[in-house]
Amino acid sequence: MLHKEALIASGLLSTSYINHSFQALNRVDRVMDTLLKDRKIPEIGWSEPMIQNLLSIFAEMDTPNFHGNIGVGEREGRIFSSMVSRRHNYLAHGIGRSGDITAQQPKAAGSSLMYKLTNCMALDALRLAGAEKTAKALTVPMATGMALVLVFQMLRTWPRDQPDPEPTN
């Protein structure tokens with residue numbers, strides 16, 4: 001994939017430097033390809049630059065971030081503050097549509113892909129934690145307050161006449 005770029009760059013730097021660097025970039029590409037093919041948590045953790053690179057790729061797949069694009073639609077993902085945009089990795093569109101959180105966003109292929117991959121990795125995490133028969137996972141975005149409310153609501157309905165479940169190892 002980077003062969004053309006390596007040839008162009010070799011006119012600026014020593015070919016051995018370019019080859020060495022582009023071999024490293026190709027390794028990163030293979031790791032990302034593996035993530036997208038296997039849809040599982042990587043066995044070896046990723047560096048922060050690799051994660052940022054993948055988030056940048058996802059962001060560039062969303063139409064508000066297309067080079068030269070000026071979104072004027074009522075549902076375009078727009079952020080006024082560049083600081084806020086950077087903090088959110090230039091992802092402004094969100095996920096789901098019309099009441100279906102799993103539906104693909106037509107103008108947000110990157111956000112939709114990231115969400116689908118997140119669900120796959122959540123499923124892998126559940127299976128690794130011992131729930132091997134789990135068929136699907138659904139992640140939903142929520143802040144700490146909402147998460148606490150849901151936990152407290154669940155605890156309020158917890159059967160009082162049954163003992164607490166034993167922790168599993």
# chains A, B, ... in the order shown; residues from 1 in each chain; ligands from 1

call {"tool": "residues_around", "arguments": {"residues": "Gly110 (chain A)", "least_positions_apart": "2", "cutoff": "7 Å", "atoms": "only C-alpha atoms", "output": "PDB file with all heavy atoms, in the first residue's frame"}}
result
ATOM      1  N   PHE A  58     -10.650   6.651  11.067  1.00  0.00           N
ATOM      2  CA  PHE A  58     -12.107   6.636  11.242  1.00  0.00           C
ATOM      3  C   PHE A  58     -12.687   8.034  11.033  1.00  0.00           C
ATOM      4  O   PHE A  58     -13.701   8.197  10.357  1.00  0.00           O
ATOM      5  CB  PHE A  58     -12.490   6.137  12.636  1.00  0.00           C
ATOM      6  CG  PHE A  58     -12.290   4.657  12.854  1.00  0.00           C
ATOM      7  CD1 PHE A  58     -11.963   4.182  14.107  1.00  0.00           C
ATOM      8  CD2 PHE A  58     -12.429   3.740  11.818  1.00  0.00           C
ATOM      9  CE1 PHE A  58     -11.786   2.825  14.331  1.00  0.00           C
ATOM     10  CE2 PHE A  58     -12.252   2.381  12.028  1.00  0.00           C
ATOM     11  CZ  PHE A  58     -11.933   1.923  13.297  1.00  0.00           C
ATOM     12  N   ALA A  59     -12.047   9.043  11.613  1.00  0.00           N
ATOM     13  CA  ALA A  59     -12.549  10.414  11.485  1.00  0.00           C
ATOM     14  C   ALA A  59     -12.541  10.869  10.031  1.00  0.00           C
ATOM     15  O   ALA A  59     -13.481  11.529   9.573  1.00  0.00           O
ATOM     16  CB  ALA A  59     -11.722  11.370  12.344  1.00  0.00           C
ATOM     17  N   MET A  61     -13.065   9.173   7.504  1.00  0.00           N
ATOM     18  CA  MET A  61     -14.102   8.465   6.757  1.00  0.00           C
ATOM     19  C   MET A  61     -15.480   9.122   6.925  1.00  0.00           C
ATOM     20  O   MET A  61     -16.406   8.788   6.194  1.00  0.00           O
ATOM     21  CB  MET A  61     -14.170   7.001   7.207  1.00  0.00           C
ATOM     22  CG  MET A  61     -12.938   6.194   6.838  1.00  0.00           C
ATOM     23  SD  MET A  61     -12.922   4.546   7.585  1.00  0.00           S
ATOM     24  CE  MET A  61     -14.279   3.761   6.730  1.00  0.00           C
ATOM     25  N   ASP A  62     -15.618  10.009   7.903  1.00  0.00           N
ATOM     26  CA  ASP A  62     -16.887  10.716   8.117  1.00  0.00           C
ATOM     27  C   ASP A  62     -16.950  11.930   7.199  1.00  0.00           C
ATOM     28  O   ASP A  62     -15.992  12.703   7.108  1.00  0.00           O
ATOM     29  CB  ASP A  62     -17.021  11.158   9.579  1.00  0.00           C
ATOM     30  CG  ASP A  62     -17.330  10.003  10.522  1.00  0.00           C
ATOM     31  OD1 ASP A  62     -17.428   8.858  10.053  1.00  0.00           O
ATOM     32  OD2 ASP A  62     -17.471  10.259  11.735  1.00  0.00           O
ATOM     33  N   ALA A 108     -21.451   8.956   8.064  1.00  0.00           N
ATOM     34  CA  ALA A 108     -20.430   8.707   9.078  1.00  0.00           C
ATOM     35  C   ALA A 108     -19.951   7.260   9.017  1.00  0.00           C
ATOM     36  O   ALA A 108     -20.104   6.500   9.973  1.00  0.00           O
ATOM     37  CB  ALA A 108     -20.980   9.045  10.461  1.00  0.00           C
ATOM     38  N   SER A 112     -19.485   4.741  12.204  1.00  0.00           N
ATOM     39  CA  SER A 112     -20.248   3.489  12.174  1.00  0.00           C
ATOM     40  C   SER A 112     -19.314   2.283  12.257  1.00  0.00           C
ATOM     41  O   SER A 112     -19.587   1.323  12.987  1.00  0.00           O
ATOM     42  CB  SER A 112     -21.092   3.420  10.901  1.00  0.00           C
ATOM     43  OG  SER A 112     -22.070   4.436  10.895  1.00  0.00           O
ATOM     44  N   LEU A 113     -18.212   2.331  11.524  1.00  0.00           N
ATOM     45  CA  LEU A 113     -17.243   1.237  11.560  1.00  0.00           C
ATOM     46  C   LEU A 113     -16.629   1.111  12.951  1.00  0.00           C
ATOM     47  O   LEU A 113     -16.487   0.001  13.482  1.00  0.00           O
ATOM     48  CB  LEU A 113     -16.157   1.462  10.503  1.00  0.00           C
ATOM     49  CG  LEU A 113     -15.027   0.438  10.452  1.00  0.00           C
ATOM     50  CD1 LEU A 113     -15.569  -0.963  10.187  1.00  0.00           C
ATOM     51  CD2 LEU A 113     -14.016   0.836   9.388  1.00  0.00           C
ATOM     52  N   MET A 114     -16.278   2.239  13.556  1.00  0.00           N
ATOM     53  CA  MET A 114     -15.698   2.213  14.897  1.00  0.00           C
ATOM     54  C   MET A 114     -16.691   1.600  15.886  1.00  0.00           C
ATOM     55  O   MET A 114     -16.318   0.801  16.741  1.00  0.00           O
ATOM     56  CB  MET A 114     -15.301   3.623  15.340  1.00  0.00           C
ATOM     57  CG  MET A 114     -14.645   3.658  16.705  1.00  0.00           C
ATOM     58  SD  MET A 114     -13.986   5.271  17.154  1.00  0.00           S
ATOM     59  CE  MET A 114     -15.468   6.260  17.170  1.00  0.00           C
TER      60      MET A 114
END

call {"tool": "residues_around", "arguments": {"residues": "region 93-106 of chain A", "least_positions_apart": "6", "cutoff": "10 Å", "atoms": "only C-alpha atoms", "output": "PyMOL selection string"}}
result
chain A and resi 59+62-64+75-79+112-116+119+138-141

call {"tool": "write_last_selection", "arguments": {"atoms": "N, CA, C and O atoms", "output": "PDB file, in the first residue's frame"}}
result
ATOM      1  N   ALA A  59     -12.047   9.043  11.613  1.00  0.00           N
ATOM      2  CA  ALA A  59     -12.549  10.414  11.485  1.00  0.00           C
ATOM      3  C   ALA A  59     -12.541  10.869  10.031  1.00  0.00           C
ATOM      4  O   ALA A  59     -13.481  11.529   9.573  1.00  0.00           O
ATOM      5  N   ASP A  62     -15.618  10.009   7.903  1.00  0.00           N
ATOM      6  CA  ASP A  62     -16.887  10.716   8.117  1.00  0.00           C
ATOM      7  C   ASP A  62     -16.950  11.930   7.199  1.00  0.00           C
ATOM      8  O   ASP A  62     -15.992  12.703   7.108  1.00  0.00           O
ATOM      9  N   THR A  63     -18.074  12.125   6.526  1.00  0.00           N
ATOM     10  CA  THR A  63     -18.168  13.179   5.511  1.00  0.00           C
ATOM     11  C   THR A  63     -17.863  14.583   6.022  1.00  0.00           C
ATOM     12  O   THR A  63     -17.300  15.369   5.256  1.00  0.00           O
ATOM     13  N   PRO A  64     -18.165  14.942   7.275  1.00  0.00           N
ATOM     14  CA  PRO A  64     -17.801  16.302   7.693  1.00  0.00           C
ATOM     15  C   PRO A  64     -16.293  16.565   7.644  1.00  0.00           C
ATOM     16  O   PRO A  64     -15.863  17.709   7.584  1.00  0.00           O
ATOM     17  N   ARG A  75     -28.142  17.938   9.593  1.00  0.00           N
ATOM     18  CA  ARG A  75     -27.637  16.890  10.482  1.00  0.00           C
ATOM     19  C   ARG A  75     -26.128  16.666  10.347  1.00  0.00           C
ATOM     20  O   ARG A  75     -25.621  15.633  10.733  1.00  0.00           O
ATOM     21  N   GLU A  76     -25.444  17.606   9.774  1.00  0.00           N
ATOM     22  CA  GLU A  76     -23.991  17.493   9.654  1.00  0.00           C
ATOM     23  C   GLU A  76     -23.367  17.574  11.044  1.00  0.00           C
ATOM     24  O   GLU A  76     -23.794  18.353  11.880  1.00  0.00           O
ATOM     25  N   GLY A  77     -22.349  16.757  11.266  1.00  0.00           N
ATOM     26  CA  GLY A  77     -21.614  16.848  12.519  1.00  0.00           C
ATOM     27  C   GLY A  77     -20.675  18.039  12.465  1.00  0.00           C
ATOM     28  O   GLY A  77     -19.736  18.062  11.694  1.00  0.00           O
ATOM     29  N   ARG A  78     -20.969  19.056  13.254  1.00  0.00           N
ATOM     30  CA  ARG A  78     -20.123  20.254  13.273  1.00  0.00           C
ATOM     31  C   ARG A  78     -19.751  20.577  14.707  1.00  0.00           C
ATOM     32  O   ARG A  78     -20.567  20.465  15.615  1.00  0.00           O
ATOM     33  N   ILE A  79     -18.522  20.997  14.897  1.00  0.00           N
ATOM     34  CA  ILE A  79     -18.050  21.442  16.204  1.00  0.00           C
ATOM     35  C   ILE A  79     -17.423  22.808  16.004  1.00  0.00           C
ATOM     36  O   ILE A  79     -16.525  22.965  15.179  1.00  0.00           O
ATOM     37  N   SER A 112     -19.485   4.741  12.204  1.00  0.00           N
ATOM     38  CA  SER A 112     -20.248   3.489  12.174  1.00  0.00           C
ATOM     39  C   SER A 112     -19.314   2.283  12.257  1.00  0.00           C
ATOM     40  O   SER A 112     -19.587   1.323  12.987  1.00  0.00           O
ATOM     41  N   LEU A 113     -18.212   2.331  11.524  1.00  0.00           N
ATOM     42  CA  LEU A 113     -17.243   1.237  11.560  1.00  0.00           C
ATOM     43  C   LEU A 113     -16.629   1.111  12.951  1.00  0.00           C
ATOM     44  O   LEU A 113     -16.487   0.001  13.482  1.00  0.00           O
ATOM     45  N   MET A 114     -16.278   2.239  13.556  1.00  0.00           N
ATOM     46  CA  MET A 114     -15.698   2.213  14.897  1.00  0.00           C
ATOM     47  C   MET A 114     -16.691   1.600  15.886  1.00  0.00           C
ATOM     48  O   MET A 114     -16.318   0.801  16.741  1.00  0.00           O
ATOM     49  N   TYR A 115     -17.968   1.945  15.755  1.00  0.00           N
ATOM     50  CA  TYR A 115     -18.982   1.414  16.658  1.00  0.00           C
ATOM     51  C   TYR A 115     -19.152  -0.095  16.475  1.00  0.00           C
ATOM     52  O   TYR A 115     -19.212  -0.845  17.456  1.00  0.00           O
ATOM     53  N   LYS A 116     -19.222  -0.562  15.234  1.00  0.00           N
ATOM     54  CA  LYS A 116     -19.357  -1.996  14.977  1.00  0.00           C
ATOM     55  C   LYS A 116     -18.146  -2.756  15.524  1.00  0.00           C
ATOM     56  O   LYS A 116     -18.280  -3.818  16.135  1.00  0.00           O
ATOM     57  N   ASN A 119     -18.332  -3.043  19.301  1.00  0.00           N
ATOM     58  CA  ASN A 119     -19.227  -4.126  19.730  1.00  0.00           C
ATOM     59  C   ASN A 119     -18.555  -5.489  19.582  1.00  0.00           C
ATOM     60  O   ASN A 119     -18.705  -6.353  20.447  1.00  0.00           O
ATOM     61  N   LEU A 138     -23.592  -5.297  22.853  1.00  0.00           N
ATOM     62  CA  LEU A 138     -24.064  -3.978  22.443  1.00  0.00           C
ATOM     63  C   LEU A 138     -23.483  -2.953  23.402  1.00  0.00           C
ATOM     64  O   LEU A 138     -23.731  -3.017  24.605  1.00  0.00           O
ATOM     65  N   THR A 139     -22.685  -2.058  22.872  1.00  0.00           N
ATOM     66  CA  THR A 139     -22.147  -0.979  23.696  1.00  0.00           C
ATOM     67  C   THR A 139     -22.991   0.261  23.464  1.00  0.00           C
ATOM     68  O   THR A 139     -23.477   0.494  22.362  1.00  0.00           O
ATOM     69  N   VAL A 140     -23.189   1.009  24.523  1.00  0.00           N
ATOM     70  CA  VAL A 140     -23.948   2.252  24.407  1.00  0.00           C
ATOM     71  C   VAL A 140     -23.141   3.362  25.067  1.00  0.00           C
ATOM     72  O   VAL A 140     -22.542   3.164  26.120  1.00  0.00           O
ATOM     73  N   PRO A 141     -23.116   4.525  24.439  1.00  0.00           N
ATOM     74  CA  PRO A 141     -22.367   5.632  25.035  1.00  0.00           C
ATOM     75  C   PRO A 141     -23.130   6.211  26.209  1.00  0.00           C
ATOM     76  O   PRO A 141     -24.332   6.480  26.115  1.00  0.00           O
TER      77      PRO A 141
END

call {"tool": "residues_around", "arguments": {"residues": "Tyr90 (chain A)", "least_positions_apart": "3", "cutoff": "8 Å", "atoms": "only C-alpha atoms", "output": "list in words"}}
result
Ser56, Ala59, Asn65, Ser85, Arg86 and Arg87 of chain A

call {"tool": "select_by_dssp", "arguments": {"residues": "chain A", "states": "strand (DSSP E or B)", "output": "PyMOL selection string"}}
result
chain A and resi 62+97+100+108

call {"tool": "atom_distance", "arguments": {"atom1": "CA of Ile18 (chain A)", "atom2": "CA of Glu5 (chain A)"}}
result
9.7 Å

call {"tool": "atom_distance", "arguments": {"atom1": "CA of Lys40 (chain A)", "atom2": "CA of Cys120 (chain A)"}}
result
6.5 Å

call {"tool": "select_by_dssp", "arguments": {"residues": "chain A", "states": "helix (DSSP H, G or I)", "output": "number ranges by chain"}}
result
A: 3-9, 15-38, 48-60, 63-65, 82-87, 109-128, 144-156

call {"tool": "residues_around", "arguments": {"residues": "region 44-46 of chain A", "least_positions_apart": "5", "cutoff": "12 Å", "atoms": "only C-alpha atoms", "output": "list in words"}}
result
Val28, Val31, Met32, Thr34, Leu35, Ile51, Gln52, Asn53 and Leu54 of chain A

call {"tool": "write_last_selection", "arguments": {"atoms": "N, CA and C atoms", "output": "short mmCIF file (atom, residue, chain, number, x, y, z; two decimals), in the first residue's frame"}}
result
data_model
loop_
_atom_site.label_atom_id
_atom_site.label_comp_id
_atom_site.auth_asym_id
_atom_site.auth_seq_id
_atom_site.Cartn_x
_atom_site.Cartn_y
_atom_site.Cartn_z
N VAL A 28 2.56 -1.75 10.94
CA VAL A 28 1.39 -1.10 11.56
C VAL A 28 0.15 -1.37 10.73
N VAL A 31 -1.09 -4.85 11.42
CA VAL A 31 -1.75 -4.94 12.72
C VAL A 31 -3.17 -4.40 12.62
N MET A 32 -3.34 -3.28 11.93
CA MET A 32 -4.68 -2.71 11.75
C MET A 32 -5.55 -3.63 10.91
N THR A 34 -5.32 -6.84 10.74
CA THR A 34 -5.68 -7.97 11.62
C THR A 34 -6.83 -7.60 12.53
N LEU A 35 -6.82 -6.41 13.08
CA LEU A 35 -7.92 -5.96 13.94
C LEU A 35 -9.23 -5.96 13.18
N ILE A 51 -3.09 3.89 18.05
CA ILE A 51 -4.51 4.12 18.37
C ILE A 51 -4.96 5.45 17.76
N GLN A 52 -4.14 6.48 17.92
CA GLN A 52 -4.48 7.79 17.35
C GLN A 52 -4.59 7.72 15.84
N ASN A 53 -3.70 6.95 15.23
CA ASN A 53 -3.74 6.78 13.77
C ASN A 53 -5.05 6.14 13.34
N LEU A 54 -5.48 5.09 14.04
CA LEU A 54 -6.73 4.43 13.69
C LEU A 54 -7.92 5.38 13.89
#

call {"tool": "atom_distance", "arguments": {"atom1": "CA of Val84 (chain A)", "atom2": "CA of Leu117 (chain A)"}}
result
24.0 Å

call {"tool": "closest_residue", "arguments": {"among": "A:Ala143, A:Ile41, A:Ala24, A:Leu155", "to": "Asp124 (chain A)", "atoms": "only C-alpha atoms"}}
result
A:Ile41

call {"tool": "closest_residue", "arguments": {"among": "A:Lys107, A:Met142, A:Pro167, A:Leu128", "to": "Phe66 (chain A)", "atoms": "only C-alpha atoms"}}
result
A:Lys107

call {"tool": "closest_residue", "arguments": {"among": "A:Asp38, A:Met121, A:Phe22, A:Asp29", "to": "Met50 (chain A)", "atoms": "only C-alpha atoms"}}
result
A:Asp29

call {"tool": "decode", "arguments": {"residues": "region 18-154 of chain A", "atoms": "C-alpha atoms", "output": "PDB file, in the first residue's frame"}}
result
ATOM      1  CA  ILE A  18      13.029   5.051   3.664  1.00  0.00           C
ATOM      2  CA  ASN A  19      12.914   1.244   3.375  1.00  0.00           C
ATOM      3  CA  HIS A  20      13.436   0.783   7.115  1.00  0.00           C
ATOM      4  CA  SER A  21      10.736   3.326   7.998  1.00  0.00           C
ATOM      5  CA  PHE A  22       8.211   2.050   5.480  1.00  0.00           C
ATOM      6  CA  GLN A  23       8.720  -1.514   6.721  1.00  0.00           C
ATOM      7  CA  ALA A  24       7.645  -0.270  10.151  1.00  0.00           C
ATOM      8  CA  LEU A  25       4.615   1.461   8.614  1.00  0.00           C
ATOM      9  CA  ASN A  26       3.709  -1.739   6.774  1.00  0.00           C
ATOM     10  CA  ARG A  27       3.836  -3.635  10.091  1.00  0.00           C
ATOM     11  CA  VAL A  28       1.395  -1.101  11.556  1.00  0.00           C
ATOM     12  CA  ASP A  29      -0.871  -1.582   8.521  1.00  0.00           C
ATOM     13  CA  ARG A  30      -0.822  -5.356   9.038  1.00  0.00           C
ATOM     14  CA  VAL A  31      -1.751  -4.938  12.721  1.00  0.00           C
ATOM     15  CA  MET A  32      -4.684  -2.712  11.754  1.00  0.00           C
ATOM     16  CA  ASP A  33      -5.719  -5.173   9.034  1.00  0.00           C
ATOM     17  CA  THR A  34      -5.677  -7.967  11.616  1.00  0.00           C
ATOM     18  CA  LEU A  35      -7.919  -5.960  13.945  1.00  0.00           C
ATOM     19  CA  LEU A  36     -10.447  -5.352  11.187  1.00  0.00           C
ATOM     20  CA  LYS A  37     -10.362  -8.979   9.975  1.00  0.00           C
ATOM     21  CA  ASP A  38     -10.364 -10.766  13.345  1.00  0.00           C
ATOM     22  CA  ARG A  39     -12.569  -8.221  15.159  1.00  0.00           C
ATOM     23  CA  LYS A  40     -11.028  -9.188  18.482  1.00  0.00           C
ATOM     24  CA  ILE A  41      -8.979  -7.502  21.163  1.00  0.00           C
ATOM     25  CA  PRO A  42      -5.340  -7.586  20.001  1.00  0.00           C
ATOM     26  CA  GLU A  43      -3.123 -10.000  21.914  1.00  0.00           C
ATOM     27  CA  ILE A  44      -0.414  -7.352  22.058  1.00  0.00           C
ATOM     28  CA  GLY A  45      -1.442  -3.875  23.139  1.00  0.00           C
ATOM     29  CA  TRP A  46      -1.131  -0.975  20.751  1.00  0.00           C
ATOM     30  CA  SER A  47       0.984   2.126  21.204  1.00  0.00           C
ATOM     31  CA  GLU A  48      -0.801   5.441  21.629  1.00  0.00           C
ATOM     32  CA  PRO A  49       0.316   6.662  18.164  1.00  0.00           C
ATOM     33  CA  MET A  50      -1.193   3.532  16.579  1.00  0.00           C
ATOM     34  CA  ILE A  51      -4.509   4.122  18.370  1.00  0.00           C
ATOM     35  CA  GLN A  52      -4.477   7.794  17.352  1.00  0.00           C
ATOM     36  CA  ASN A  53      -3.738   6.782  13.769  1.00  0.00           C
ATOM     37  CA  LEU A  54      -6.735   4.434  13.686  1.00  0.00           C
ATOM     38  CA  LEU A  55      -8.997   7.100  15.225  1.00  0.00           C
ATOM     39  CA  SER A  56      -7.763   9.559  12.579  1.00  0.00           C
ATOM     40  CA  ILE A  57      -8.605   7.088   9.821  1.00  0.00           C
ATOM     41  CA  PHE A  58     -12.107   6.636  11.242  1.00  0.00           C
ATOM     42  CA  ALA A  59     -12.549  10.414  11.485  1.00  0.00           C
ATOM     43  CA  GLU A  60     -11.423  10.925   7.887  1.00  0.00           C
ATOM     44  CA  MET A  61     -14.102   8.465   6.757  1.00  0.00           C
ATOM     45  CA  ASP A  62     -16.887  10.716   8.117  1.00  0.00           C
ATOM     46  CA  THR A  63     -18.168  13.179   5.511  1.00  0.00           C
ATOM     47  CA  PRO A  64     -17.801  16.302   7.693  1.00  0.00           C
ATOM     48  CA  ASN A  65     -14.041  15.633   7.637  1.00  0.00           C
ATOM     49  CA  PHE A  66     -13.659  15.041   3.883  1.00  0.00           C
ATOM     50  CA  HIS A  67     -10.951  17.294   2.500  1.00  0.00           C
ATOM     51  CA  GLY A  68     -12.564  20.356   0.938  1.00  0.00           C
ATOM     52  CA  ASN A  69     -16.046  19.449   2.197  1.00  0.00           C
ATOM     53  CA  ILE A  70     -18.268  22.131   3.666  1.00  0.00           C
ATOM     54  CA  GLY A  71     -21.260  20.490   5.290  1.00  0.00           C
ATOM     55  CA  VAL A  72     -24.436  22.531   5.221  1.00  0.00           C
ATOM     56  CA  GLY A  73     -27.021  19.862   6.006  1.00  0.00           C
ATOM     57  CA  GLU A  74     -29.116  20.116   9.137  1.00  0.00           C
ATOM     58  CA  ARG A  75     -27.637  16.890  10.482  1.00  0.00           C
ATOM     59  CA  GLU A  76     -23.991  17.493   9.654  1.00  0.00           C
ATOM     60  CA  GLY A  77     -21.614  16.848  12.519  1.00  0.00           C
ATOM     61  CA  ARG A  78     -20.123  20.254  13.273  1.00  0.00           C
ATOM     62  CA  ILE A  79     -18.050  21.442  16.204  1.00  0.00           C
ATOM     63  CA  PHE A  80     -17.377  25.149  16.604  1.00  0.00           C
ATOM     64  CA  SER A  81     -14.323  24.854  18.854  1.00  0.00           C
ATOM     65  CA  SER A  82     -11.200  23.300  17.361  1.00  0.00           C
ATOM     66  CA  MET A  83     -10.084  22.386  20.898  1.00  0.00           C
ATOM     67  CA  VAL A  84     -13.262  20.340  21.440  1.00  0.00           C
ATOM     68  CA  SER A  85     -12.904  18.799  17.997  1.00  0.00           C
ATOM     69  CA  ARG A  86      -9.339  17.654  18.775  1.00  0.00           C
ATOM     70  CA  ARG A  87     -10.430  16.294  22.169  1.00  0.00           C
ATOM     71  CA  HIS A  88     -13.024  14.138  20.411  1.00  0.00           C
ATOM     72  CA  ASN A  89     -10.629  13.042  17.663  1.00  0.00           C
ATOM     73  CA  TYR A  90     -12.617  14.978  15.036  1.00  0.00           C
ATOM     74  CA  LEU A  91     -15.525  12.558  15.419  1.00  0.00           C
ATOM     75  CA  ALA A  92     -18.720  14.603  15.613  1.00  0.00           C
ATOM     76  CA  HIS A  93     -21.390  12.556  13.896  1.00  0.00           C
ATOM     77  CA  GLY A  94     -22.346   9.997  16.509  1.00  0.00           C
ATOM     78  CA  ILE A  95     -23.817   6.545  16.011  1.00  0.00           C
ATOM     79  CA  GLY A  96     -27.163   5.028  15.077  1.00  0.00           C
ATOM     80  CA  ARG A  97     -30.174   6.713  13.546  1.00  0.00           C
ATOM     81  CA  SER A  98     -33.921   7.003  13.931  1.00  0.00           C
ATOM     82  CA  GLY A  99     -34.106   5.092  17.187  1.00  0.00           C
ATOM     83  CA  ASP A 100     -31.809   2.251  16.100  1.00  0.00           C
ATOM     84  CA  ILE A 101     -28.453   2.692  17.807  1.00  0.00           C
ATOM     85  CA  THR A 102     -26.900  -0.061  15.659  1.00  0.00           C
ATOM     86  CA  ALA A 103     -27.924   1.449  12.301  1.00  0.00           C
ATOM     87  CA  GLN A 104     -25.179   2.814  10.069  1.00  0.00           C
ATOM     88  CA  GLN A 105     -24.891   6.570   9.736  1.00  0.00           C
ATOM     89  CA  PRO A 106     -24.978   7.386   6.012  1.00  0.00           C
ATOM     90  CA  LYS A 107     -22.556  10.306   6.383  1.00  0.00           C
ATOM     91  CA  ALA A 108     -20.430   8.707   9.078  1.00  0.00           C
ATOM     92  CA  ALA A 109     -18.838   5.526   7.757  1.00  0.00           C
ATOM     93  CA  GLY A 110     -15.871   5.932  10.116  1.00  0.00           C
ATOM     94  CA  SER A 111     -18.017   6.403  13.219  1.00  0.00           C
ATOM     95  CA  SER A 112     -20.248   3.489  12.174  1.00  0.00           C
ATOM     96  CA  LEU A 113     -17.243   1.237  11.560  1.00  0.00           C
ATOM     97  CA  MET A 114     -15.698   2.213  14.897  1.00  0.00           C
ATOM     98  CA  TYR A 115     -18.982   1.414  16.658  1.00  0.00           C
ATOM     99  CA  LYS A 116     -19.357  -1.996  14.977  1.00  0.00           C
ATOM    100  CA  LEU A 117     -15.737  -2.833  15.814  1.00  0.00           C
ATOM    101  CA  THR A 118     -16.295  -1.717  19.423  1.00  0.00           C
ATOM    102  CA  ASN A 119     -19.227  -4.126  19.730  1.00  0.00           C
ATOM    103  CA  CYS A 120     -17.085  -6.953  18.313  1.00  0.00           C
ATOM    104  CA  MET A 121     -14.296  -6.209  20.778  1.00  0.00           C
ATOM    105  CA  ALA A 122     -16.790  -6.002  23.671  1.00  0.00           C
ATOM    106  CA  LEU A 123     -18.098  -9.444  22.663  1.00  0.00           C
ATOM    107  CA  ASP A 124     -14.532 -10.771  22.604  1.00  0.00           C
ATOM    108  CA  ALA A 125     -13.932  -9.307  26.083  1.00  0.00           C
ATOM    109  CA  LEU A 126     -17.076 -10.993  27.425  1.00  0.00           C
ATOM    110  CA  ARG A 127     -15.997 -14.314  25.960  1.00  0.00           C
ATOM    111  CA  LEU A 128     -12.481 -13.938  27.352  1.00  0.00           C
ATOM    112  CA  ALA A 129     -14.047 -13.218  30.757  1.00  0.00           C
ATOM    113  CA  GLY A 130     -15.789 -16.597  30.661  1.00  0.00           C
ATOM    114  CA  ALA A 131     -19.093 -15.938  28.885  1.00  0.00           C
ATOM    115  CA  GLU A 132     -18.146 -18.100  25.894  1.00  0.00           C
ATOM    116  CA  LYS A 133     -21.745 -18.658  24.757  1.00  0.00           C
ATOM    117  CA  THR A 134     -22.489 -14.935  24.462  1.00  0.00           C
ATOM    118  CA  ALA A 135     -23.728 -14.321  20.921  1.00  0.00           C
ATOM    119  CA  LYS A 136     -23.759 -10.518  20.708  1.00  0.00           C
ATOM    120  CA  ALA A 137     -22.603  -7.451  22.573  1.00  0.00           C
ATOM    121  CA  LEU A 138     -24.064  -3.978  22.443  1.00  0.00           C
ATOM    122  CA  THR A 139     -22.147  -0.979  23.696  1.00  0.00           C
ATOM    123  CA  VAL A 140     -23.948   2.252  24.407  1.00  0.00           C
ATOM    124  CA  PRO A 141     -22.367   5.632  25.035  1.00  0.00           C
ATOM    125  CA  MET A 142     -23.072   7.002  28.466  1.00  0.00           C
ATOM    126  CA  ALA A 143     -21.429   9.211  31.001  1.00  0.00           C
ATOM    127  CA  THR A 144     -20.655   8.286  34.600  1.00  0.00           C
ATOM    128  CA  GLY A 145     -23.916   9.704  35.959  1.00  0.00           C
ATOM    129  CA  MET A 146     -26.082   7.632  33.635  1.00  0.00           C
ATOM    130  CA  ALA A 147     -24.045   4.508  34.359  1.00  0.00           C
ATOM    131  CA  LEU A 148     -24.485   5.018  38.120  1.00  0.00           C
ATOM    132  CA  VAL A 149     -28.241   5.581  37.752  1.00  0.00           C
ATOM    133  CA  LEU A 150     -28.593   2.308  35.841  1.00  0.00           C
ATOM    134  CA  VAL A 151     -26.577   0.388  38.434  1.00  0.00           C
ATOM    135  CA  PHE A 152     -28.607   1.850  41.307  1.00  0.00           C
ATOM    136  CA  GLN A 153     -31.867   1.029  39.524  1.00  0.00           C
ATOM    137  CA  MET A 154     -30.706  -2.550  39.070  1.00  0.00           C
TER     138      MET A 154
END
